[in-house]
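J.: Just query-v5.cif, nothing more (mmCIF, C-alpha atoms):
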```
data_structure
loop_
_atom_site.label_atom_id
_atom_site.label_comp_id
_atom_site.auth_asym_id
_atom_site.auth_seq_id
_atom_site.Cartn_x
_atom_site.Cartn_y
_atom_site.Cartn_z
CA MET A 658 62.65 32.52 -15.29
CA ASN A 659 60.22 32.22 -18.16
CA LYS A 660 60.13 28.48 -17.67
CA ILE A 661 59.26 28.88 -14.01
CA TRP A 662 56.49 31.35 -14.89
CA ARG A 663 55.13 29.04 -17.55
CA LYS A 664 55.15 26.12 -15.17
CA GLY A 665 53.46 28.21 -12.49
CA ILE A 666 50.75 29.40 -14.87
CA ALA A 667 50.19 25.87 -16.12
CA ILE A 668 49.85 24.47 -12.59
CA ALA A 669 47.55 27.32 -11.57
CA SER A 670 45.37 26.80 -14.66
CA ILE A 671 45.10 23.07 -14.11
CA SER A 672 44.30 23.59 -10.41
CA ALA A 673 41.67 26.19 -11.28
CA LEU A 674 40.10 23.83 -13.78
CA LEU A 675 40.10 20.96 -11.32
CA PHE A 676 38.73 23.13 -8.52
CA ALA A 677 36.03 24.55 -10.75
CA GLY A 678 35.19 21.03 -11.85
CA SER A 679 34.85 19.75 -8.31
CA ALA A 680 32.88 22.79 -7.18
CA GLN A 681 30.46 22.23 -10.04
CA ALA A 682 30.23 18.50 -9.47
CA GLY A 683 26.96 18.52 -7.52
CA THR A 684 25.18 21.38 -9.25
CA SER A 685 25.02 20.12 -12.82
CA TRP A 686 21.98 18.01 -13.69
CA LYS A 687 22.51 14.32 -14.32
CA ASN A 688 20.08 12.27 -16.34
CA ILE A 689 17.94 9.59 -14.77
CA ALA A 690 16.93 6.70 -17.01
CA GLU A 691 16.46 3.66 -14.82
CA ASN A 692 14.01 0.95 -13.82
CA LEU A 693 12.46 0.81 -10.38
CA PRO A 694 12.84 -2.74 -9.01
CA ILE A 695 9.93 -5.08 -8.34
CA PHE A 696 8.29 -5.56 -4.92
CA GLN A 697 9.18 -2.08 -3.73
CA HIS A 698 12.90 -2.66 -3.42
CA TYR A 699 14.98 0.49 -3.64
CA GLY A 700 17.09 1.03 -6.74
CA ILE A 701 19.84 3.57 -7.34
CA LEU A 702 18.64 6.04 -9.94
CA GLN A 703 21.70 8.30 -10.10
CA THR A 704 24.75 9.25 -8.04
CA ASP A 705 26.49 12.58 -7.50
CA THR A 706 29.01 14.22 -5.18
CA LYS A 707 27.58 16.39 -2.44
CA GLY A 708 29.59 19.63 -2.37
CA ASN A 709 27.73 21.84 0.08
CA SER A 710 24.76 22.08 2.41
CA SER A 711 22.24 23.10 -0.25
CA ASN A 712 19.29 20.86 -1.08
CA ALA A 713 19.53 17.92 -3.45
CA GLU A 714 16.97 18.05 -6.23
CA ALA A 715 15.24 15.62 -8.53
CA LYS A 716 13.00 16.48 -11.47
CA ILE A 717 10.97 13.47 -12.50
CA SER A 718 9.67 13.75 -16.05
CA ASN A 719 8.12 10.31 -16.45
CA ILE A 720 7.27 7.17 -14.48
CA GLY A 721 6.01 4.11 -16.37
CA SER A 722 2.24 3.45 -16.59
CA ASP A 723 0.42 5.19 -13.74
CA TYR A 724 2.90 4.23 -11.06
CA LYS A 725 4.09 6.68 -8.44
CA ALA A 726 7.48 6.48 -6.72
CA ASN A 727 9.07 7.18 -3.36
CA LEU A 728 12.49 8.86 -3.42
CA ARG A 729 15.25 9.44 -0.88
CA ILE A 730 18.93 10.35 -0.71
CA TYR A 731 21.41 7.67 0.35
CA ASP A 732 25.02 8.28 1.36
CA THR A 733 27.13 5.63 -0.35
CA ILE A 734 30.14 6.25 1.93
CA GLN A 735 28.35 6.22 5.31
CA LYS A 736 25.93 3.64 3.92
CA LYS A 737 22.85 5.30 5.40
CA VAL A 738 19.84 7.36 4.37
CA VAL A 739 20.54 11.09 4.74
CA SER A 740 17.21 12.69 3.82
CA SER A 741 13.56 12.25 4.56
CA ASN A 742 11.48 10.37 2.00
CA TYR A 743 9.63 12.13 -0.75
CA ASN A 744 6.62 9.86 -1.15
CA GLY A 745 4.32 9.40 -4.08
CA ILE A 746 6.14 11.46 -6.69
CA ASP A 747 4.41 11.50 -10.06
CA ASP A 748 5.18 12.57 -13.64
CA ASN A 749 6.50 16.12 -14.04
CA GLU A 750 6.95 16.63 -10.33
CA ASP A 751 10.05 18.07 -8.65
CA ALA A 752 11.42 16.90 -5.33
CA SER A 753 13.79 18.81 -3.10
CA PHE A 754 15.70 17.08 -0.32
CA ILE A 755 17.29 18.60 2.76
CA VAL A 756 20.35 16.42 3.21
CA ALA A 757 22.21 15.73 6.45
CA HIS A 758 25.46 17.70 6.78
CA SER A 759 27.42 14.49 7.34
CA ALA A 760 26.95 13.70 3.64
CA ILE A 761 28.92 16.75 2.40
CA THR A 762 31.92 15.70 0.22
CA ASN A 763 30.47 12.18 -0.03
CA THR A 764 28.98 10.47 -3.03
CA VAL A 765 25.22 10.39 -2.57
CA ALA A 766 22.70 8.37 -4.52
CA LEU A 767 19.12 9.13 -5.42
CA GLN A 768 17.22 5.98 -4.51
CA GLY A 769 13.73 5.16 -5.71
CA GLN A 770 11.04 2.55 -5.19
CA THR A 771 7.53 2.14 -6.53
CA ALA A 772 4.84 3.46 -4.19
CA ASN A 773 3.22 0.02 -4.03
CA TRP A 774 4.45 -3.55 -4.56
CA SER A 775 4.83 -4.17 -8.27
CA ILE A 776 5.57 -7.29 -10.27
CA VAL A 777 6.99 -5.38 -13.21
CA LEU A 778 10.03 -3.15 -13.58
CA VAL A 779 8.88 0.43 -13.80
CA GLN A 780 10.76 2.92 -15.96
CA ILE A 781 11.63 6.26 -14.46
CA SER A 782 13.31 9.22 -16.13
CA GLY A 783 14.30 12.74 -15.20
CA HIS A 784 17.23 14.64 -13.74
CA PHE A 785 19.09 14.75 -10.47
CA ARG A 786 21.69 16.93 -8.79
CA ALA A 787 23.17 16.69 -5.33
CA ASP A 788 23.46 20.47 -4.84
CA SER A 789 20.98 23.12 -5.88
CA TYR A 790 23.72 25.83 -5.89
CA MET B 952 -27.60 -18.59 11.02
CA LYS B 953 -26.60 -19.35 14.59
CA ILE B 954 -25.53 -22.84 13.52
CA GLU B 955 -23.25 -21.37 10.86
CA TRP B 956 -21.64 -19.05 13.38
CA ASN B 957 -21.18 -21.90 15.84
CA LYS B 958 -19.53 -23.97 13.12
CA LEU B 959 -17.26 -21.07 12.27
CA LEU B 960 -16.30 -20.41 15.88
CA LYS B 961 -15.39 -24.06 16.32
CA ASN B 962 -13.20 -24.04 13.21
CA ARG B 963 -9.49 -24.02 14.05
CA MET B 964 -8.74 -22.13 10.83
CA LEU B 965 -10.58 -19.09 12.15
CA TYR B 966 -7.99 -18.75 14.89
CA VAL B 967 -5.11 -19.48 12.54
CA SER B 968 -6.34 -16.67 10.27
CA LEU B 969 -6.93 -14.27 13.11
CA ALA B 970 -3.51 -15.01 14.60
CA SER B 971 -1.83 -14.49 11.21
CA LEU B 972 -3.62 -11.19 10.61
CA LEU B 973 -2.76 -10.00 14.11
CA ALA B 974 0.88 -11.05 13.63
CA ILE B 975 1.07 -8.92 10.46
CA VAL B 976 -0.60 -6.04 12.28
CA THR B 977 1.86 -6.35 15.18
CA TYR B 978 4.78 -6.30 12.77
CA ALA B 979 3.29 -3.31 10.91
CA VAL B 980 2.72 -1.44 14.17
CA ILE B 981 6.29 -1.97 15.41
CA GLU B 982 7.68 -1.06 12.00
CA GLY B 983 5.37 1.95 11.81
CA ILE B 984 6.24 3.31 15.25
CA ARG B 985 9.95 2.94 14.56
CA GLY B 986 9.54 4.67 11.19
CA PHE B 987 7.39 7.39 12.73
CA HIS B 988 9.95 8.27 15.40
CA GLU B 989 12.79 8.35 12.87
CA SER B 990 10.92 10.53 10.39
CA TYR B 991 9.44 12.78 13.10
CA ASP B 992 12.85 13.41 14.71
CA LEU B 993 14.28 14.32 11.31
CA ALA B 994 11.24 16.46 10.44
CA GLN B 995 11.53 18.37 13.72
CA GLN B 996 15.07 19.42 12.76
CA ILE B 997 14.19 20.24 9.17
CA TYR B 998 10.81 21.90 9.59
CA GLN B 999 11.33 24.06 12.68
CA ASP B 1000 9.95 27.04 10.80
CA PHE B 1001 7.31 25.13 8.84
CA PRO B 1002 4.56 23.91 11.19
CA ASP B 1003 2.35 22.94 8.25
CA SER B 1004 5.02 20.56 6.98
CA LEU B 1005 5.65 19.19 10.45
CA ALA B 1006 1.94 18.55 10.92
CA PHE B 1007 2.07 15.88 8.22
CA TYR B 1008 4.49 13.85 10.32
CA ALA B 1009 1.73 12.50 12.54
CA PRO B 1010 1.34 8.88 13.68
CA ALA B 1011 -1.60 8.59 11.26
CA ARG B 1012 1.06 8.49 8.58
CA VAL B 1013 2.03 4.98 9.70
CA TRP B 1014 -1.43 3.53 10.24
CA ILE B 1015 -1.75 0.32 8.28
CA GLY B 1016 -2.49 1.28 4.73
CA LEU B 1017 -1.00 4.75 5.09
CA HIS B 1018 2.60 3.73 5.75
CA ALA B 1019 4.32 4.58 2.47
CA ASN B 1020 7.08 1.99 2.61
CA GLY B 1021 5.99 -0.28 5.41
CA ILE B 1022 6.41 -3.95 4.59
CA GLY B 1023 3.79 -4.98 7.16
CA SER B 1024 1.27 -2.53 5.77
CA GLN B 1025 1.82 -3.70 2.20
CA LEU B 1026 1.78 -7.35 3.26
CA TYR B 1027 -1.63 -6.94 4.89
CA TYR B 1028 -3.10 -5.53 1.70
CA PHE B 1029 -1.35 -8.24 -0.31
CA ILE B 1030 -2.49 -11.30 1.56
CA PHE B 1031 -5.87 -10.40 3.10
CA PRO B 1032 -8.07 -12.31 0.58
CA LEU B 1033 -6.34 -15.52 1.61
CA LEU B 1034 -6.43 -14.98 5.35
CA VAL B 1035 -9.98 -13.63 5.69
CA SER B 1036 -11.44 -16.44 3.61
CA LEU B 1037 -9.51 -19.41 5.05
CA PRO B 1038 -11.97 -20.27 7.83
CA ILE B 1039 -15.08 -20.48 5.65
CA VAL B 1040 -14.33 -20.61 1.94
CA ASP B 1041 -14.12 -24.42 1.88
CA SER B 1042 -17.14 -25.03 4.08
CA PHE B 1043 -19.43 -26.12 1.20
CA TYR B 1044 -16.65 -28.41 0.01
CA ARG B 1045 -16.07 -29.92 3.45
CA GLU B 1046 -19.76 -30.39 4.18
CA LYS B 1047 -20.35 -31.93 0.77
CA LYS B 1048 -17.41 -34.28 1.18
CA SER B 1049 -18.34 -35.39 4.70
CA GLY B 1050 -22.00 -35.90 3.88
CA PHE B 1051 -23.03 -33.22 6.36
CA LEU B 1052 -24.59 -31.25 3.54
CA LEU B 1053 -27.07 -33.99 2.68
CA TYR B 1054 -27.84 -34.41 6.36
CA THR B 1055 -28.50 -30.66 6.72
CA LEU B 1056 -30.65 -30.49 3.59
CA THR B 1057 -33.02 -33.11 4.93
CA ARG B 1058 -33.80 -30.69 7.77
CA LYS B 1059 -33.44 -27.31 6.14
CA GLN B 1060 -34.40 -25.60 2.89
CA ARG B 1061 -31.47 -25.47 0.52
CA SER B 1062 -31.89 -21.75 -0.27
CA LYS B 1063 -32.04 -20.93 3.43
CA TYR B 1064 -28.95 -22.99 4.15
CA GLU B 1065 -27.04 -21.29 1.33
CA LEU B 1066 -28.21 -17.82 2.28
CA HIS B 1067 -27.04 -18.35 5.85
CA LYS B 1068 -23.73 -19.69 4.60
CA TYR B 1069 -23.13 -16.69 2.32
CA LEU B 1070 -24.19 -14.20 4.98
CA THR B 1071 -21.87 -15.77 7.53
CA ALA B 1072 -19.02 -15.77 5.00
CA PHE B 1073 -19.68 -12.13 4.13
CA VAL B 1074 -19.94 -10.84 7.68
CA SER B 1075 -17.06 -12.93 9.08
CA SER B 1076 -14.68 -11.86 6.27
CA PHE B 1077 -15.74 -8.25 6.71
CA LEU B 1078 -14.95 -8.40 10.41
CA LEU B 1079 -11.72 -10.37 9.96
CA PHE B 1080 -10.45 -7.66 7.64
CA ILE B 1081 -11.47 -4.63 9.63
CA VAL B 1082 -10.94 -5.64 13.27
CA PRO B 1083 -7.13 -6.18 13.13
CA LEU B 1084 -6.70 -2.91 11.20
CA THR B 1085 -8.72 -0.99 13.77
CA LEU B 1086 -6.65 -2.58 16.53
CA GLY B 1087 -3.55 -1.40 14.66
CA ILE B 1088 -4.77 2.21 14.79
CA LEU B 1089 -5.60 1.96 18.48
CA ILE B 1090 -2.18 0.52 19.35
CA ILE B 1091 -0.28 3.11 17.30
CA ASN B 1092 -2.24 5.96 18.87
CA ALA B 1093 -1.89 4.57 22.38
CA TRP B 1094 1.83 3.96 21.89
CA THR B 1095 2.53 7.45 20.56
CA GLY B 1096 -0.03 9.11 22.81
CA VAL B 1097 -1.55 10.98 19.86
CA TRP B 1098 -5.33 10.76 19.43
CA ASP B 1099 -6.11 14.25 18.19
CA TYR B 1100 -5.36 14.83 14.51
CA SER B 1101 -6.95 18.24 14.10
CA THR B 1102 -3.55 19.83 13.32
CA TYR B 1103 -2.99 17.26 10.60
CA SER B 1104 -6.43 17.90 9.08
CA GLU B 1105 -5.93 21.65 9.25
CA ALA B 1106 -2.55 21.39 7.48
CA TYR B 1107 -4.16 19.13 4.89
CA ARG B 1108 -6.97 21.60 4.24
CA LYS B 1109 -4.34 24.32 3.77
CA LEU B 1110 -2.44 22.08 1.38
CA VAL B 1111 -5.58 21.55 -0.69
CA THR B 1112 -6.43 25.25 -0.77
CA GLY B 1113 -2.81 26.15 -1.50
CA THR B 1114 -2.35 28.23 1.63
CA ALA B 1115 0.03 25.86 3.44
CA VAL B 1116 3.55 27.16 3.98
CA LEU B 1117 5.65 24.13 3.23
CA GLY B 1118 9.34 23.45 3.63
CA ASP B 1119 11.41 21.65 1.03
CA SER B 1120 11.02 17.88 0.90
CA THR B 1121 7.30 18.10 1.69
CA SER B 1122 5.64 15.95 -0.90
CA ILE B 1123 2.71 17.61 -2.66
CA SER B 1124 1.55 14.04 -3.23
CA GLU B 1125 0.35 14.13 0.37
CA LYS B 1126 -2.69 15.46 -1.45
CA LYS B 1127 -5.05 12.57 -2.24
CA GLU B 1128 -7.04 12.13 -5.41
CA LEU B 1129 -9.93 10.28 -3.75
CA PHE B 1130 -11.80 11.09 -0.52
CA SER B 1131 -9.63 14.16 -0.10
CA GLY B 1132 -12.43 16.03 1.65
CA LEU B 1133 -12.61 13.35 4.33
CA LEU B 1134 -8.90 13.68 5.09
CA GLY B 1135 -9.51 17.39 5.52
CA ILE B 1136 -12.15 16.60 8.16
CA SER B 1137 -10.26 13.84 9.95
CA PRO B 1138 -7.84 11.05 9.04
CA TYR B 1139 -10.08 8.74 11.13
CA LEU B 1140 -12.94 9.31 8.71
CA TYR B 1141 -10.69 8.83 5.69
CA ILE B 1142 -9.19 5.57 6.92
CA LEU B 1143 -12.59 4.28 8.09
CA VAL B 1144 -14.01 4.68 4.58
CA TYR B 1145 -11.01 2.87 3.10
CA TYR B 1146 -11.17 0.07 5.67
CA VAL B 1147 -14.90 -0.41 5.06
CA ILE B 1148 -14.37 -0.55 1.28
CA GLY B 1149 -11.51 -3.01 1.80
CA ALA B 1150 -13.69 -5.11 4.10
CA LEU B 1151 -16.48 -5.20 1.51
CA TYR B 1152 -13.99 -6.48 -1.05
CA ALA B 1153 -12.64 -9.02 1.45
CA ALA B 1154 -16.20 -10.25 1.94
CA ILE B 1155 -17.02 -10.49 -1.76
CA TYR B 1156 -13.78 -12.38 -2.49
CA THR B 1157 -14.76 -14.97 0.11
CA CYS B 1158 -18.28 -15.29 -1.28
CA LEU B 1159 -16.88 -15.70 -4.77
CA GLY B 1160 -14.57 -18.44 -3.50
CA LEU B 1161 -17.54 -20.08 -1.83
CA ALA B 1162 -19.59 -19.97 -5.07
CA LEU B 1163 -16.72 -21.35 -7.16
CA SER B 1164 -16.00 -24.11 -4.65
CA TRP B 1165 -18.89 -26.12 -6.15
CA PHE B 1166 -16.80 -26.65 -9.25
CA VAL B 1167 -13.43 -27.42 -7.67
CA LYS B 1168 -12.50 -30.89 -6.51
CA ASN B 1169 -9.33 -30.04 -4.59
CA ARG B 1170 -9.65 -28.52 -1.12
CA TYR B 1171 -6.35 -26.65 -1.29
CA LEU B 1172 -7.36 -25.12 -4.57
CA VAL B 1173 -10.62 -23.99 -2.98
CA LEU B 1174 -8.70 -22.29 -0.19
CA PHE B 1175 -6.67 -20.32 -2.71
CA ILE B 1176 -9.56 -19.20 -4.96
CA PRO B 1177 -10.09 -15.71 -3.40
CA PHE B 1178 -6.36 -15.00 -3.27
CA GLY B 1179 -5.93 -16.40 -6.79
CA ILE B 1180 -8.60 -14.06 -8.17
CA TYR B 1181 -7.02 -11.10 -6.40
CA MET B 1182 -3.57 -12.02 -7.75
CA ALA B 1183 -4.94 -12.58 -11.25
CA MET B 1184 -6.42 -9.08 -11.21
CA TRP B 1185 -3.11 -7.68 -9.94
CA THR B 1186 -1.19 -9.46 -12.70
CA MET B 1187 -3.61 -8.32 -15.40
CA GLY B 1188 -3.59 -4.76 -14.07
CA SER B 1189 0.21 -4.70 -13.92
CA PHE B 1190 0.80 -6.05 -17.41
CA SER B 1191 -2.00 -4.10 -19.08
CA GLY B 1192 -1.09 -0.85 -17.31
CA MET B 1193 -4.65 -0.48 -15.98
CA LEU B 1194 -3.42 0.09 -12.46
CA SER B 1195 -6.31 2.22 -11.31
CA TRP B 1196 -8.72 -0.69 -12.00
CA ASP B 1197 -6.77 -3.16 -9.91
CA PRO B 1198 -8.06 -3.66 -6.32
CA PHE B 1199 -4.52 -4.15 -5.02
CA ASN B 1200 -3.86 -0.53 -5.97
CA PHE B 1201 -7.19 1.19 -5.46
CA LEU B 1202 -7.97 -0.41 -2.08
CA ASN B 1203 -4.72 0.91 -0.62
CA PRO B 1204 -5.45 4.12 1.35
CA ILE B 1205 -2.09 5.57 0.39
CA GLN B 1206 -3.31 5.81 -3.23
CA PRO B 1207 -0.05 4.49 -4.70
CA VAL B 1208 -0.90 5.04 -8.37
CA SER B 1209 -2.16 8.00 -10.34
CA GLN B 1210 -5.38 8.35 -12.38
CA LEU B 1211 -7.46 6.90 -9.55
CA SER B 1212 -11.16 7.60 -9.73
CA TYR B 1213 -14.37 6.52 -8.00
CA PRO B 1214 -15.98 4.35 -10.73
CA PRO B 1215 -13.52 1.41 -10.44
CA LEU B 1216 -14.30 1.18 -6.71
CA TYR B 1217 -17.94 0.29 -7.31
CA ILE B 1218 -17.79 -1.12 -10.85
CA VAL B 1219 -15.26 -3.83 -9.90
CA PHE B 1220 -17.30 -4.61 -6.78
CA ILE B 1221 -20.52 -4.93 -8.77
CA LEU B 1222 -18.74 -7.14 -11.33
CA LEU B 1223 -17.37 -9.42 -8.60
CA PHE B 1224 -20.82 -9.55 -7.02
CA ALA B 1225 -22.43 -10.40 -10.37
CA VAL B 1226 -19.87 -13.14 -11.07
CA CYS B 1227 -20.47 -14.51 -7.58
CA PHE B 1228 -24.25 -14.48 -8.02
CA PHE B 1229 -24.27 -16.13 -11.45
CA THR B 1230 -21.68 -18.71 -10.38
CA TYR B 1231 -23.92 -19.52 -7.43
CA LEU B 1232 -26.94 -19.94 -9.73
CA TRP B 1233 -24.92 -22.07 -12.12
CA GLY B 1234 -23.64 -24.25 -9.31
CA LYS B 1235 -27.13 -24.58 -7.87
CA ARG B 1236 -28.53 -25.72 -11.22
CA LYS B 1237 -25.63 -28.08 -11.90
CA TYR B 1238 -25.79 -29.82 -8.52
CA THR B 1239 -29.56 -29.82 -7.98
CA ASP B 1240 -29.89 -33.56 -8.66
CA VAL B 1241 -27.05 -34.49 -6.37
CA LEU B 1242 -28.46 -32.59 -3.45
CA SER B 1243 -32.21 -32.92 -3.75
#
```
How does the structure come out when it is put into structure tokens?
T.:
Amino acid sequence: MNKIWRKGIAIASISALLFAGSAQAGTSWKNIAENLPIFQHYGILQTDTKGNSSNAEAKISNIGSDYKANLRIYDTIQKKVVSSNYNGIDDNEDASFIVAHSAITNTVALQGQTANWSIVLVQISGHFRADSY
Amino acid sequence: MKIEWNKLLKNRMLYVSLASLLAIVTYAVIEGIRGFHESYDLAQQIYQDFPDSLAFYAPARVWIGLHANGIGSQLYYFIFPLLVSLPIVDSFYREKKSGFLLYTLTRKQRSKYELHKYLTAFVSSFLLFIVPLTLGILIINAWTGVWDYSTYSEAYRKLVTGTAVLGDSTSISEKKELFSGLLGISPYLYILVYYVIGALYAAIYTCLGLALSWFVKNRYLVLFIPFGIYMAMWTMGSFSGMLSWDPFNFLNPIQPVSQLSYPPLYIVFILLFAVCFFTYLWGKRKYTDVLS
């Protein structure tokens, strides 16, 4: 009997841990430390799993030189853009994205491009999370 | 002056340039309208309760120069020094090479001939830059049926004063660093000022190419002088980090870089004008014997 109890508790604990982990997946901040590609191509800055219908958020702490960037959320499973663009983000600016419901449970990517054609790679840093709560 | 215009109107390159500029504008318009409908449909769902946010999703957002990620819009601002100057930048070179210059100078004062040439180059480049862009606005407005942007201006004024009620995803970077007051009056006024400044730069690039053409012995090189100068400034600006002093960035109405200010707009223009003027004087002195 004890063995069964122990097994049960162990399974329940592991499940709880896993569940908690997956529920937290989108809400914890992930670091962004990437380069924006040249000629205004989009680059993937960070990915995360979308867990619910809350907004995705990005906090941009620094963009190289005086460049500005355009950001959007891309669904890597459906292979389509699932938010409107946040254009012209600058240093120390936060962006919040309303994301299409179809992206829930999918892996979404924060994509970025420079606000104008550039011939140099532009560094961008900050944080991203797919779910605000 | 009339002779210069007649020569220009008979030049096949004028029509090649115009056709190329109009092709870019057509592409930018189609791309813009498609982008506008997509973003507006999405905005309507998202910003049902935020009219101020929705007001920013106006067709003016995709006018050439204001389309944030429009390839056509960016391409126009990338390549204009080449296309606006093509019909006239090599005219000194061609007329010198064919002997037409010597023929003309036997009948006309050299300074008068040159003045007319520069004026024609300036005005034609100005018009070549601004006319296709204006057509772009007219087509976008006619296509979408939106001509009145008072709601947009009102929302913008609220954004500036901090009284706008905005939904998430509304970029506060909608707020412009330069000519912000004009956008608050009307986006037409704002874009007109930018187009005129762009056209003045287009004109001065052509004149600079014309002045430098005295020193260049290859026609194709002459044709690429204005574009080459523009690209050189872009390269220098990009690698030095002085983005706000680079015409490719500060002429763009979207204001794609930060730290923009008014002085570069006129200082760079005055510098280009001064270089053009002194190059002209240098060329005039150097080739006086050949031509007189």
J.: Please, what distance in Å, to one decimal, runs between CA of Leu969 (chain B) and CA of Lys1063 (chain B)?
T.: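 Between these atoms lies a distance of 27.7 Å.
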J.: Apply the PyMOL selection byres ((chain B) within 8 of (chain A)) to the file shown and report the selected residues as a PyMOL selection string.
T.: chain B and resi 990+993-994+997+1019-1020+1025+1119-1122+1124-1125+1186+1189-1190+1192-1195+1200+1207-1210
J.: Can you pull out every residue within 8 Å of region 974-976 of chain B, counting all atoms listed in the file, but drop anything in the same chain fewer than 5 positions away, and send it as an mmCIF file with C-alpha atoms, in the coordinates of the input?
T.:
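Saved to out31.cif:
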```cif
data_model
loop_
_atom_site.group_PDB
_atom_site.id
_atom_site.type_symbol
_atom_site.label_atom_id
_atom_site.label_comp_id
_atom_site.auth_asym_id
_atom_site.auth_seq_id
_atom_site.Cartn_x
_atom_site.Cartn_y
_atom_site.Cartn_z
ATOM 1 C CA ILE B 1015 -1.750 0.320 8.280
ATOM 2 C CA GLY B 1023 3.790 -4.980 7.160
ATOM 3 C CA SER B 1024 1.270 -2.530 5.770
ATOM 4 C CA LEU B 1026 1.780 -7.350 3.260
ATOM 5 C CA TYR B 1027 -1.630 -6.940 4.890
ATOM 6 C CA PRO B 1083 -7.130 -6.180 13.130
ATOM 7 C CA LEU B 1084 -6.700 -2.910 11.200
ATOM 8 C CA GLY B 1087 -3.550 -1.400 14.660
#
```
J.: Would you list the contacts of region 1223-1233 of chain B as a PyMOL selection string, taking every protein, DNA or RNA residue within 12 Å and counting all atoms listed in the file, but skipping same-chain residues closer than 3 positions in sequence?
T.: chain B and resi 1043+1062+1065-1066+1069+1073+1151-1166+1177+1180-1181+1184+1198+1215-1220+1236-1239
J.: One decimal, Å: what's the distance from CA of Thr1085 (chain B) over to CA of Ile695 (chain A), could you say?
T.: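 CA of Thr1085 (chain B) sits 29.2 Å away from CA of Ile695 (chain A).
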J.: For a quick check of your reading of the model, name the residues lying within 6 Å of the coordinate (-18.3, -16.6, 8.8), counting only C-alpha atoms, and write them as a list in words.
T.: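 Every residue inside that radius is included here: Leu959, Ile1039, Thr1071, Ala1072 and Ser1075 of chain B.
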J.: Write the residues of the selection above to a file with C-alpha atoms, as a JSON list (two decimals), in the coordinates of the input.
T.:
```
[["chain", "number", "residue", "atom", "x", "y", "z"],
["B", 959, "LEU", "CA", -17.26, -21.07, 12.27],
["B", 1039, "ILE", "CA", -15.08, -20.48, 5.65],
["B", 1071, "THR", "CA", -21.87, -15.77, 7.53],
["B", 1072, "ALA", "CA", -19.02, -15.77, 5.00],
["B", 1075, "SER", "CA", -17.06, -12.93, 9.08]]
```
J.: Please evaluate the PyMOL selection byres ((chain A and resi 701) around 7) against the displayed coordinates and give the resulting residues as a PyMOL selection string.
T.: chain A and resi 699-700+702-703+766-769
J.: For CA of Tyr790 (chain A) and CA of Thr762 (chain A), determine how far apart the two atoms are, in Å to one decimal place.
T.: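 For CA of Tyr790 (chain A) relative to CA of Thr762 (chain A), the distance reads 14.4 Å.
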J.: Which residues, named as in the file, does the PyMOL selection byres ((chain A and resi 765) around 7) pick out? Answer as a PyMOL selection string.
T.: chain A and resi 704-707+730-733+763-764+766-767
J.: Write the residues of the selection above to a file with C-alpha atoms, as an mmCIF file, in the coordinates of the input.
T.:
```
data_model
loop_
_atom_site.group_PDB
_atom_site.id
_atom_site.type_symbol
_atom_site.label_atom_id
_atom_site.label_comp_id
_atom_site.auth_asym_id
_atom_site.auth_seq_id
_atom_site.Cartn_x
_atom_site.Cartn_y
_atom_site.Cartn_z
ATOM 1 C CA THR A 704 24.750 9.250 -8.040
ATOM 2 C CA ASP A 705 26.490 12.580 -7.500
ATOM 3 C CA THR A 706 29.010 14.220 -5.180
ATOM 4 C CA LYS A 707 27.580 16.390 -2.440
ATOM 5 C CA ILE A 730 18.930 10.350 -0.710
ATOM 6 C CA TYR A 731 21.410 7.670 0.350
ATOM 7 C CA ASP A 732 25.020 8.280 1.360
ATOM 8 C CA THR A 733 27.130 5.630 -0.350
ATOM 9 C CA ASN A 763 30.470 12.180 -0.030
ATOM 10 C CA THR A 764 28.980 10.470 -3.030
ATOM 11 C CA ALA A 766 22.700 8.370 -4.520
ATOM 12 C CA LEU A 767 19.120 9.130 -5.420
#
```
J.: Would you list the residues near (13.4, 5.1, -19.6) (no more than 7 Å away, in the coordinates of the file, using all atoms listed in the file) as a list in words?
T.: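 The residues near that point, listed by chain and number, are Ala690, Glu691, Gln780, Ile781 and Ser782 of chain A.
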J.: Compare B:Ala979, B:Ile984, B:Leu1070, B:Leu1053 by their minimum atom-to-atom distance to Lys953 (chain B), counting all atoms listed in the file, and give me the closest one.
T.: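 Counting all atoms listed in the file, the residue closest to Lys953 (chain B) is B:Leu1070.
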J.: Find the residues around region 1173-1176 of chain B up to 7 Å (only C-alpha atoms counted), leave out those fewer than 3 positions away in its own chain, and share them as a list in words.
T.: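 After dropping sequence-adjacent residues, the list is Leu1033, Leu1037, Val1040, Asp1041, Gly1160, Ser1164, Val1167, Asn1169, Arg1170, Gly1179 and Ile1180 of chain B.
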J.: Pick the closest to Asn692 (chain A) from A:Leu728, A:Asn749, A:Asp788, A:Val779: which is it, counting all atoms listed in the file?
T.: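 Looking at the shortest contact to Asn692 (chain A), the residue is A:Val779.
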